[in-house]
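Asker: Structure: model23.cif, mmCIF, C-alpha atoms.
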data_target
loop_
_atom_site.group_PDB
_atom_site.id
_atom_site.type_symbol
_atom_site.label_atom_id
_atom_site.label_comp_id
_atom_site.auth_asym_id
_atom_site.auth_seq_id
_atom_site.Cartn_x
_atom_site.Cartn_y
_atom_site.Cartn_z
ATOM 1 C CA MET A 1 75.412 113.453 71.471
ATOM 2 C CA GLY A 2 75.502 110.974 74.319
ATOM 3 C CA ALA A 3 75.229 111.756 77.993
ATOM 4 C CA PRO A 4 78.463 113.022 79.594
ATOM 5 C CA ALA A 5 80.484 110.365 81.386
ATOM 6 C CA ILE A 6 80.065 110.272 85.144
ATOM 7 C CA LEU A 7 83.262 111.190 86.974
ATOM 8 C CA ALA A 8 84.716 109.337 89.943
ATOM 9 C CA GLU A 9 84.384 112.443 92.120
ATOM 10 C CA ASP A 10 80.688 112.701 91.218
ATOM 11 C CA VAL A 11 80.133 109.133 92.406
ATOM 12 C CA TYR A 12 81.513 109.689 95.899
ATOM 13 C CA ARG A 13 79.820 113.069 96.274
ATOM 14 C CA GLU A 14 76.418 111.631 95.385
ATOM 15 C CA GLU A 15 76.930 108.582 97.584
ATOM 16 C CA LEU A 16 78.021 110.720 100.533
ATOM 17 C CA ALA A 17 74.847 112.794 100.188
ATOM 18 C CA LYS A 18 72.764 109.598 100.291
ATOM 19 C CA ILE A 19 74.596 108.385 103.387
ATOM 20 C CA GLY A 20 74.062 111.763 105.016
ATOM 21 C CA ALA A 21 70.306 111.250 104.705
ATOM 22 C CA GLU A 22 70.613 107.953 106.568
ATOM 23 C CA ASP A 23 73.093 108.997 109.264
ATOM 24 C CA GLY A 24 72.954 112.408 110.928
ATOM 25 C CA ARG A 25 76.499 111.986 112.219
ATOM 26 C CA VAL A 26 78.006 112.286 108.727
ATOM 27 C CA VAL A 27 79.554 115.686 107.952
ATOM 28 C CA CYS A 28 81.242 116.910 104.766
ATOM 29 C CA VAL A 29 84.066 119.472 104.722
ATOM 30 C CA GLU A 30 85.235 120.515 101.273
ATOM 31 C CA ALA A 31 87.244 123.066 99.336
ATOM 32 C CA LEU A 32 85.211 123.591 96.187
ATOM 33 C CA PRO A 33 85.907 125.258 92.842
ATOM 34 C CA GLY A 34 84.141 128.585 92.408
ATOM 35 C CA GLY A 35 80.514 128.132 91.453
ATOM 36 C CA ALA A 36 80.395 124.395 92.108
ATOM 37 C CA ARG A 37 77.732 122.990 94.379
ATOM 38 C CA HIS A 38 78.131 119.741 96.259
ATOM 39 C CA PRO A 39 75.033 117.472 96.447
ATOM 40 C CA PHE A 40 75.751 117.065 100.171
ATOM 41 C CA GLU A 41 75.466 120.835 100.565
ATOM 42 C CA THR A 42 72.126 120.839 98.733
ATOM 43 C CA ALA A 43 70.694 118.007 100.831
ATOM 44 C CA HIS A 44 72.289 118.726 104.221
ATOM 45 C CA PRO A 45 73.402 122.390 104.377
ATOM 46 C CA ASP A 46 73.696 122.301 108.180
ATOM 47 C CA ARG A 47 76.354 119.575 107.959
ATOM 48 C CA PHE A 48 78.351 120.932 105.030
ATOM 49 C CA PHE A 49 81.316 123.270 105.512
ATOM 50 C CA GLN A 50 83.240 124.936 102.705
ATOM 51 C CA LEU A 51 86.504 126.117 104.229
ATOM 52 C CA GLY A 52 88.642 126.594 101.145
ATOM 53 C CA SER A 53 92.374 126.753 101.738
ATOM 54 C CA VAL A 54 92.323 128.052 105.330
ATOM 55 C CA GLU A 55 94.352 125.108 106.559
ATOM 56 C CA SER A 56 94.524 125.837 110.274
ATOM 57 C CA ALA A 57 90.791 126.494 110.449
ATOM 58 C CA MET A 58 90.021 123.302 108.526
ATOM 59 C CA VAL A 59 92.091 121.040 110.757
ATOM 60 C CA SER A 60 90.894 122.621 114.008
ATOM 61 C CA MET A 61 87.252 122.467 112.985
ATOM 62 C CA VAL A 62 87.517 118.879 111.753
ATOM 63 C CA GLU A 63 89.184 117.822 114.994
ATOM 64 C CA GLY A 64 86.371 119.418 116.979
ATOM 65 C CA LEU A 65 83.702 117.704 114.898
ATOM 66 C CA VAL A 66 85.358 114.298 115.266
ATOM 67 C CA THR A 67 85.709 114.794 119.025
ATOM 68 C CA ALA A 68 81.987 115.623 119.186
ATOM 69 C CA GLY A 69 81.164 112.265 117.597
ATOM 70 C CA PHE A 70 80.598 113.245 113.979
ATOM 71 C CA ARG A 71 81.885 111.141 111.095
ATOM 72 C CA VAL A 72 83.717 113.674 109.008
ATOM 73 C CA PHE A 73 84.676 113.369 105.355
ATOM 74 C CA VAL A 74 87.201 115.906 104.079
ATOM 75 C CA CYS A 75 87.030 116.177 100.289
ATOM 76 C CA GLY A 76 88.340 118.334 97.464
ATOM 77 C CA LEU A 77 91.730 119.116 98.964
ATOM 78 C CA GLY A 78 93.138 119.977 95.561
ATOM 79 C CA THR A 79 91.358 123.319 95.254
ATOM 80 C CA GLY A 80 93.339 126.446 96.076
ATOM 81 C CA ILE A 81 95.965 124.570 98.074
ATOM 82 C CA GLY A 82 99.606 124.285 97.028
ATOM 83 C CA ALA A 83 100.427 120.834 95.689
ATOM 84 C CA ALA A 84 103.407 120.526 98.028
ATOM 85 C CA ARG A 85 101.129 120.994 101.066
ATOM 86 C CA LEU A 86 98.444 118.502 100.034
ATOM 87 C CA PRO A 87 100.033 115.369 101.512
ATOM 88 C CA ARG A 88 100.734 117.112 104.832
ATOM 89 C CA LEU A 89 97.192 118.453 105.039
ATOM 90 C CA ALA A 90 95.676 115.058 104.211
ATOM 91 C CA LEU A 91 97.719 113.448 106.990
ATOM 92 C CA ALA A 92 96.717 116.159 109.456
ATOM 93 C CA HIS A 93 93.039 115.398 108.877
ATOM 94 C CA LEU A 94 93.563 111.645 109.123
ATOM 95 C CA GLN A 95 95.328 112.139 112.440
ATOM 96 C CA THR A 96 92.228 113.884 113.800
ATOM 97 C CA GLY A 97 90.197 110.753 112.981
ATOM 98 C CA ALA A 98 88.456 112.094 109.863
ATOM 99 C CA SER A 99 88.274 110.305 106.522
ATOM 100 C CA VAL A 100 89.934 111.976 103.555
ATOM 101 C CA VAL A 101 88.852 111.603 99.932
ATOM 102 C CA VAL A 102 91.633 112.760 97.646
ATOM 103 C CA PRO A 103 92.363 112.851 93.925
ATOM 104 C CA ASP A 104 95.427 111.093 92.585
ATOM 105 C CA ILE A 105 97.920 112.922 94.808
ATOM 106 C CA GLN A 106 100.937 111.173 96.232
ATOM 107 C CA VAL A 107 100.892 110.876 100.006
ATOM 108 C CA ASP A 108 103.918 109.101 101.443
ATOM 109 C CA PRO A 109 102.632 105.560 102.089
ATOM 110 C CA ALA A 110 105.060 105.208 104.989
ATOM 111 C CA GLU A 111 103.305 108.109 106.725
ATOM 112 C CA LEU A 112 99.901 106.633 105.975
ATOM 113 C CA LEU A 113 100.917 103.251 107.357
ATOM 114 C CA ARG A 114 102.182 104.863 110.553
ATOM 115 C CA THR A 115 98.926 106.746 111.159
ATOM 116 C CA PRO A 116 96.862 104.825 113.747
ATOM 117 C CA ARG A 117 93.688 103.029 112.619
ATOM 118 C CA VAL A 118 93.784 104.357 109.062
ATOM 119 C CA ARG A 119 92.371 102.203 106.314
ATOM 120 C CA ILE A 120 93.851 102.890 102.892
ATOM 121 C CA ALA A 121 91.540 102.383 99.923
ATOM 122 C CA ALA A 122 91.985 102.837 96.177
ATOM 123 C CA PRO A 123 88.577 101.906 94.738
ATOM 124 C CA SER A 124 88.102 101.486 91.016
ATOM 125 C CA GLY A 125 84.666 101.738 89.484
ATOM 126 C CA ILE A 126 81.307 103.042 90.598
ATOM 127 C CA GLN A 127 80.365 100.090 92.785
ATOM 128 C CA GLU A 128 83.659 100.095 94.662
ATOM 129 C CA ILE A 129 83.683 103.853 95.260
ATOM 130 C CA ARG A 130 80.193 103.691 96.739
ATOM 131 C CA ALA A 131 81.010 100.658 98.866
ATOM 132 C CA VAL A 132 84.226 102.152 100.257
ATOM 133 C CA VAL A 133 82.525 105.430 101.205
ATOM 134 C CA ARG A 134 79.722 103.491 102.919
ATOM 135 C CA GLY A 135 82.242 101.336 104.728
ATOM 136 C CA ALA A 136 84.050 104.420 106.005
ATOM 137 C CA ALA A 137 80.835 106.022 107.262
ATOM 138 C CA ARG A 138 79.753 102.841 108.975
ATOM 139 C CA SER A 139 83.076 102.073 110.633
ATOM 140 C CA GLY A 140 83.748 105.484 112.178
ATOM 141 C CA ARG A 141 87.490 105.040 111.657
ATOM 142 C CA PRO A 142 89.634 107.250 109.392
ATOM 143 C CA TYR A 143 89.885 106.198 105.757
ATOM 144 C CA HIS A 144 92.309 107.479 103.147
ATOM 145 C CA ILE A 145 90.278 107.086 99.934
ATOM 146 C CA ARG A 146 92.205 107.769 96.764
ATOM 147 C CA ILE A 147 90.192 108.168 93.583
ATOM 148 C CA GLY A 148 91.400 108.532 90.027
ATOM 149 C CA ALA A 149 90.625 111.305 87.584
ATOM 150 C CA GLY A 150 87.949 111.003 84.942
ATOM 151 C CA ALA A 151 85.437 108.215 84.500
ATOM 152 C CA PRO A 152 85.695 105.251 86.905
ATOM 153 C CA ALA A 153 87.199 102.010 85.570
ATOM 154 C CA ASP A 154 84.857 99.189 86.533
ATOM 155 C CA VAL A 155 86.678 95.905 86.975
ATOM 156 C CA THR A 156 84.056 93.397 88.077
ATOM 157 C CA ALA A 157 80.926 92.940 90.139
ATOM 158 C CA HIS A 158 81.817 89.453 91.334
ATOM 159 C CA TRP A 159 81.810 90.094 95.049
ATOM 160 C CA ALA A 160 79.017 89.898 97.582
ATOM 161 C CA GLY A 161 77.917 92.811 99.733
ATOM 162 C CA ALA A 162 77.358 95.382 97.028
ATOM 163 C CA GLY A 163 76.957 98.818 98.537
ATOM 164 C CA ASP A 164 77.727 98.048 102.165
ATOM 165 C CA GLY A 165 81.509 98.289 102.185
ATOM 166 C CA ASP A 166 82.213 94.582 102.612
ATOM 167 C CA ILE A 167 84.778 94.278 99.835
ATOM 168 C CA PRO A 168 87.043 91.238 100.225
ATOM 169 C CA SER A 169 90.808 91.582 100.435
ATOM 170 C CA VAL A 170 91.098 90.165 96.899
ATOM 171 C CA VAL A 171 88.495 90.734 94.169
ATOM 172 C CA TRP A 172 89.017 88.021 91.559
ATOM 173 C CA ASP A 173 88.157 88.842 87.974
ATOM 174 C CA VAL A 174 86.036 85.753 87.427
ATOM 175 C CA ALA A 175 86.430 86.000 83.666
ATOM 176 C CA GLY A 176 90.028 84.892 84.303
ATOM 177 C CA GLY A 177 89.445 83.424 87.731
ATOM 178 C CA PHE A 178 91.971 81.255 89.475
ATOM 179 C CA GLY A 179 91.079 77.895 87.995
ATOM 180 C CA ARG A 180 93.430 75.253 86.660
ATOM 181 C CA ARG A 181 94.728 77.238 83.721
ATOM 182 C CA ALA A 182 95.316 80.352 85.783
ATOM 183 C CA ASP A 183 96.996 78.390 88.562
ATOM 184 C CA ALA A 184 99.633 77.301 86.072
ATOM 185 C CA GLY A 185 100.332 80.857 84.915
ATOM 186 C CA VAL A 186 100.894 84.416 86.005
ATOM 187 C CA CYS A 187 98.493 86.652 87.937
ATOM 188 C CA LEU A 188 98.042 90.356 87.268
ATOM 189 C CA VAL A 189 97.342 92.361 90.446
ATOM 190 C CA SER A 190 95.616 95.675 89.753
ATOM 191 C CA VAL A 191 95.541 98.643 92.129
ATOM 192 C CA GLY A 192 93.580 101.859 91.569
ATOM 193 C CA GLU A 193 91.893 103.219 88.461
ATOM 194 C CA ASP A 194 94.998 103.315 86.249
ATOM 195 C CA GLY A 195 96.165 99.865 87.283
ATOM 196 C CA THR A 196 92.703 98.440 86.679
ATOM 197 C CA ARG A 197 92.407 99.956 83.202
ATOM 198 C CA LEU A 198 95.811 98.536 82.364
ATOM 199 C CA ALA A 199 94.963 95.030 83.619
ATOM 200 C CA LEU A 200 91.738 94.975 81.604
ATOM 201 C CA ALA A 201 93.516 96.244 78.485
ATOM 202 C CA ALA A 202 96.248 93.604 78.813
ATOM 203 C CA ARG A 203 93.720 90.814 79.290
ATOM 204 C CA GLU A 204 91.771 91.955 76.228
ATOM 205 C CA ARG A 205 94.901 91.182 74.222
ATOM 206 C CA ASN A 206 95.764 87.989 76.105
ATOM 207 C CA ALA A 207 93.278 86.359 78.480
ATOM 208 C CA GLY A 208 95.855 83.861 79.749
ATOM 209 C CA PRO A 209 96.977 85.694 82.904
ATOM 210 C CA ALA A 210 94.622 85.628 85.871
ATOM 211 C CA HIS A 211 93.551 88.956 87.336
ATOM 212 C CA ALA A 212 93.289 89.826 91.033
ATOM 213 C CA HIS A 213 92.147 93.294 92.069
ATOM 214 C CA LEU A 214 92.984 94.998 95.379
ATOM 215 C CA VAL A 215 90.939 97.801 96.929
ATOM 216 C CA TYR A 216 92.199 98.067 100.522
ATOM 217 C CA LEU A 217 95.948 98.611 100.856
ATOM 218 C CA ASP A 218 96.594 99.000 104.611
ATOM 219 C CA ASP A 219 98.798 96.418 106.299
ATOM 220 C CA SER A 220 96.081 94.099 107.613
ATOM 221 C CA HIS A 221 94.232 93.901 104.295
ATOM 222 C CA LEU A 222 97.416 93.510 102.264
ATOM 223 C CA ALA A 223 98.620 90.673 104.506
ATOM 224 C CA ALA A 224 95.299 88.883 104.013
ATOM 225 C CA ALA A 225 95.520 89.485 100.259
ATOM 226 C CA ALA A 226 99.061 88.105 100.115
ATOM 227 C CA GLY A 227 97.961 84.920 101.857
ATOM 228 C CA GLU A 228 95.128 84.375 99.389
ATOM 229 C CA LEU A 229 97.196 85.259 96.331
ATOM 230 C CA ALA A 230 100.009 82.895 97.315
ATOM 231 C CA ARG A 231 97.557 80.014 97.700
ATOM 232 C CA HIS A 232 96.776 80.188 93.989
ATOM 233 C CA HIS A 233 99.847 81.600 92.246
ATOM 234 C CA ASP A 234 103.570 82.110 92.617
ATOM 235 C CA ARG A 235 104.219 84.725 89.912
ATOM 236 C CA PHE A 236 102.675 88.177 89.899
ATOM 237 C CA VAL A 237 102.770 91.435 87.965
ATOM 238 C CA VAL A 238 101.484 94.358 90.051
ATOM 239 C CA LEU A 239 99.909 97.213 88.096
ATOM 240 C CA GLY A 240 99.516 100.588 89.811
ATOM 241 C CA GLY A 241 99.940 101.467 93.467
ATOM 242 C CA TYR A 242 102.474 103.611 95.225
ATOM 243 C CA PRO A 243 106.140 103.505 94.147
ATOM 244 C CA GLY A 244 109.078 102.994 96.476
ATOM 245 C CA ARG A 245 109.826 100.775 99.448
ATOM 246 C CA HIS A 246 106.316 101.040 100.877
ATOM 247 C CA GLY A 247 104.543 100.549 97.558
ATOM 248 C CA VAL A 248 102.134 97.688 96.998
ATOM 249 C CA ARG A 249 104.512 95.644 94.874
ATOM 250 C CA GLN A 250 107.350 95.942 97.343
ATOM 251 C CA ARG A 251 105.161 95.100 100.330
ATOM 252 C CA LEU A 252 103.597 92.106 98.557
ATOM 253 C CA SER A 253 107.063 90.888 97.640
ATOM 254 C CA ARG A 254 108.078 90.954 101.314
ATOM 255 C CA LEU A 255 104.848 89.214 102.337
ATOM 256 C CA MET A 256 105.320 86.452 99.711
ATOM 257 C CA PRO A 257 109.043 85.658 99.868
ATOM 258 C CA GLY A 258 108.723 82.478 97.797
ATOM 259 C CA CYS A 259 106.998 84.245 94.896
ATOM 260 C CA ALA A 260 108.181 86.334 91.966
ATOM 261 C CA VAL A 261 106.551 89.771 92.223
ATOM 262 C CA LEU A 262 107.272 92.224 89.421
ATOM 263 C CA GLY A 263 105.537 95.500 88.579
ATOM 264 C CA VAL A 264 104.580 97.792 85.705
ATOM 265 C CA THR A 265 103.820 101.437 86.444
ATOM 266 C CA PRO A 266 101.151 102.955 84.155
ATOM 267 C CA SER A 267 102.571 105.794 82.060
ATOM 268 C CA GLY A 268 99.320 107.052 80.549
ATOM 269 C CA ASP A 269 99.888 105.342 77.178
ATOM 270 C CA LEU A 270 97.485 102.418 77.611
ATOM 271 C CA ALA A 271 98.417 100.545 74.445
ATOM 272 C CA ALA A 272 102.161 100.763 75.074
ATOM 273 C CA ASP A 273 101.726 99.898 78.749
ATOM 274 C CA ALA A 274 99.625 96.836 77.898
ATOM 275 C CA GLY A 275 102.452 95.658 75.657
ATOM 276 C CA ARG A 276 104.919 96.114 78.521
ATOM 277 C CA VAL A 277 102.649 94.100 80.808
ATOM 278 C CA LEU A 278 102.394 91.205 78.374
ATOM 279 C CA SER A 279 106.161 91.227 77.834
ATOM 280 C CA THR A 280 106.655 91.022 81.583
ATOM 281 C CA VAL A 281 104.123 88.176 81.815
ATOM 282 C CA LYS A 282 105.906 86.305 79.020
ATOM 283 C CA GLY A 283 109.187 86.576 80.914
ATOM 284 C CA LEU A 284 107.580 84.908 83.936
ATOM 285 C CA TRP A 285 106.151 81.892 82.088
ATOM 286 C CA ARG A 286 108.007 78.687 82.822
#
Rewrite the structure from the file as structure tokens, please.

Answerer:
Amino acid sequence: MGAPAILAEDVYREELAKIGAEDGRVVCVEALPGGARHPFETAHPDRFFQLGSVESAMVSMVEGLVTAGFRVFVCGLGTGIGAARLPRLALAHLQTGASVVVPDIQVDPAELLRTPRVRIAAPSGIQEIRAVVRGAARSGRPYHIRIGAGAPADVTAHWAGAGDGDIPSVVWDVAGGFGRRADAGVCLVSVGEDGTRLALAARERNAGPAHAHLVYLDDSHLAAAAGELARHHDRFVVLGGYPGRHGVRQRLSRLMPGCAVLGVTPSGDLAADAGRVLSTVKGLWR
């Protein structure tokens, strides 16, 4: 039997523990499953707080820690907390100035975009998760970091600054790139773990479309991404991201008014979804 696959949540927990050894200002607050033990707790027990589902205590304590100058990461919000309250609790922590690492829960993107100074990140793959967590610790500003379930989906390592959080607004999949052939065609834009898996699956079946990958989804990063994307392409299929008016596809469409921007939402059936993506791409070919 092979070694068990590393999970996305394991990556950020281990990376946060490493950062905690380098920066005494970093604090972890988490609601953990019974019997679980966080590597941050093992390494830095004086800066680890397990508060469970006591919401008022969590928010008040986090606010006090942030005010005192600590860089707080609130993780594991899914444990013992009603699903309907998760988005509200995540926003409450962000508003205190803490960073929040959440599973694939839906937080209203309009609320996120209205929260001052928040950076919104949906890393995909081990390298990106580590880099985003390091970037959040270094910056001292609140980050909303959304990770997928299961094993991370690595897209590419073709960007400089590995491990320090300096991820560009657009990560180009160099295997497809944006060279002459790609400039004449359609560009897939992947967001998050599910969107990335879908883009890679579609390009395994047809390498014709280019592939651009987005990690940071707040307004400033998305505006920069739109400018770069529009310099190379005019037809896009966005895979993943939030639905609705404030979703990534809709916001990119408004930022690139001269471009065709369509979208395919992953359903969980990778093979069927890849077929839908390629059908959408075919409809955009001139």

Asker: Apply the PyMOL selection byres ((chain A and resi 24) around 10) to the structure shown and report the selected residues as a PDB file with C-alpha atoms, keeping the file's coordinate frame.

Answerer:
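Here's the written file expr_26.pdb:
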ATOM      1  CA  ILE A  19      74.596 108.385 103.387  1.00  0.00           C
ATOM      2  CA  GLY A  20      74.062 111.763 105.016  1.00  0.00           C
ATOM      3  CA  ALA A  21      70.306 111.250 104.705  1.00  0.00           C
ATOM      4  CA  GLU A  22      70.613 107.953 106.568  1.00  0.00           C
ATOM      5  CA  ASP A  23      73.093 108.997 109.264  1.00  0.00           C
ATOM      6  CA  ARG A  25      76.499 111.986 112.219  1.00  0.00           C
ATOM      7  CA  VAL A  26      78.006 112.286 108.727  1.00  0.00           C
ATOM      8  CA  VAL A  27      79.554 115.686 107.952  1.00  0.00           C
ATOM      9  CA  HIS A  44      72.289 118.726 104.221  1.00  0.00           C
ATOM     10  CA  ARG A  47      76.354 119.575 107.959  1.00  0.00           C
ATOM     11  CA  PHE A  70      80.598 113.245 113.979  1.00  0.00           C
ATOM     12  CA  ARG A  71      81.885 111.141 111.095  1.00  0.00           C
TER      13      ARG A  71
END

Asker: Give me, as a list of chain:residue names, all polymer residues having an atom no more than 9 Å from Gly140 in chain A, counting only C-alpha atoms and skipping those fewer than 2 positions away in the same chain.

Answerer: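 Near Gly140 in chain A, the qualifying residues are A:Phe70, A:Arg71, A:Val72, A:Gly97, A:Ala98, A:Ser99, A:Gly135, A:Ala136, A:Ala137, A:Arg138, A:Pro142, A:Tyr143.
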
Asker: Go through A:Val118, A:Ile145, A:Leu86, A:Val248 and flag the residue nearest Ser190 in chain A, using only C-alpha atoms for the distances.

Answerer: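 Nearest to Ser190 in chain A: A:Val248.
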
Asker: Can you tell me how far CA of Tyr12 in chain A sits from CA of Ile120 in chain A, in Å to one decimal?

Answerer: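 Computing the Euclidean distance for CA of Tyr12 in chain A and CA of Ile120 in chain A yields 15.7 Å.
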
Asker: Just to confirm, what's the straight-line distance from CA of Ala274 in chain A to CA of Arg146 in chain A in Å (one decimal)?

Answerer: 23.0 Å

Asker: May I ask for the distance between CA of Thr280 in chain A and CA of Val237 in chain A, given in Å to one decimal place?

Answerer: 7.5 Å

Asker: Output the residue selection produced by the PyMOL selection byres ((chain A and resi 170) around 9) on the file above, formatted as a count of residues only.

Answerer: 17

Asker: Which residue gives the smallest distance to Gln95 in chain A among A:Arg141, A:Arg203, A:Arg134, A:Arg249, with all atoms listed in the file counted?

Answerer: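 Of the candidates, the smallest distance to Gln95 in chain A is held by A:Arg141.
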
Asker: Between A:Leu94, A:Val11, A:Leu278, A:Ala230, which residue has the minimum interatomic distance to Gly125 in chain A, considering only C-alpha atoms?

Answerer: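 That would be A:Val11, the residue with the smallest distance to Gly125 in chain A.
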
Asker: Taking the file above as input, evaluate the PyMOL selection byres ((chain A and resi 38) around 12) and report the hits as a ChimeraX atom specification.

Answerer: /A:9-17,28-37,39-45,47-50,75-76
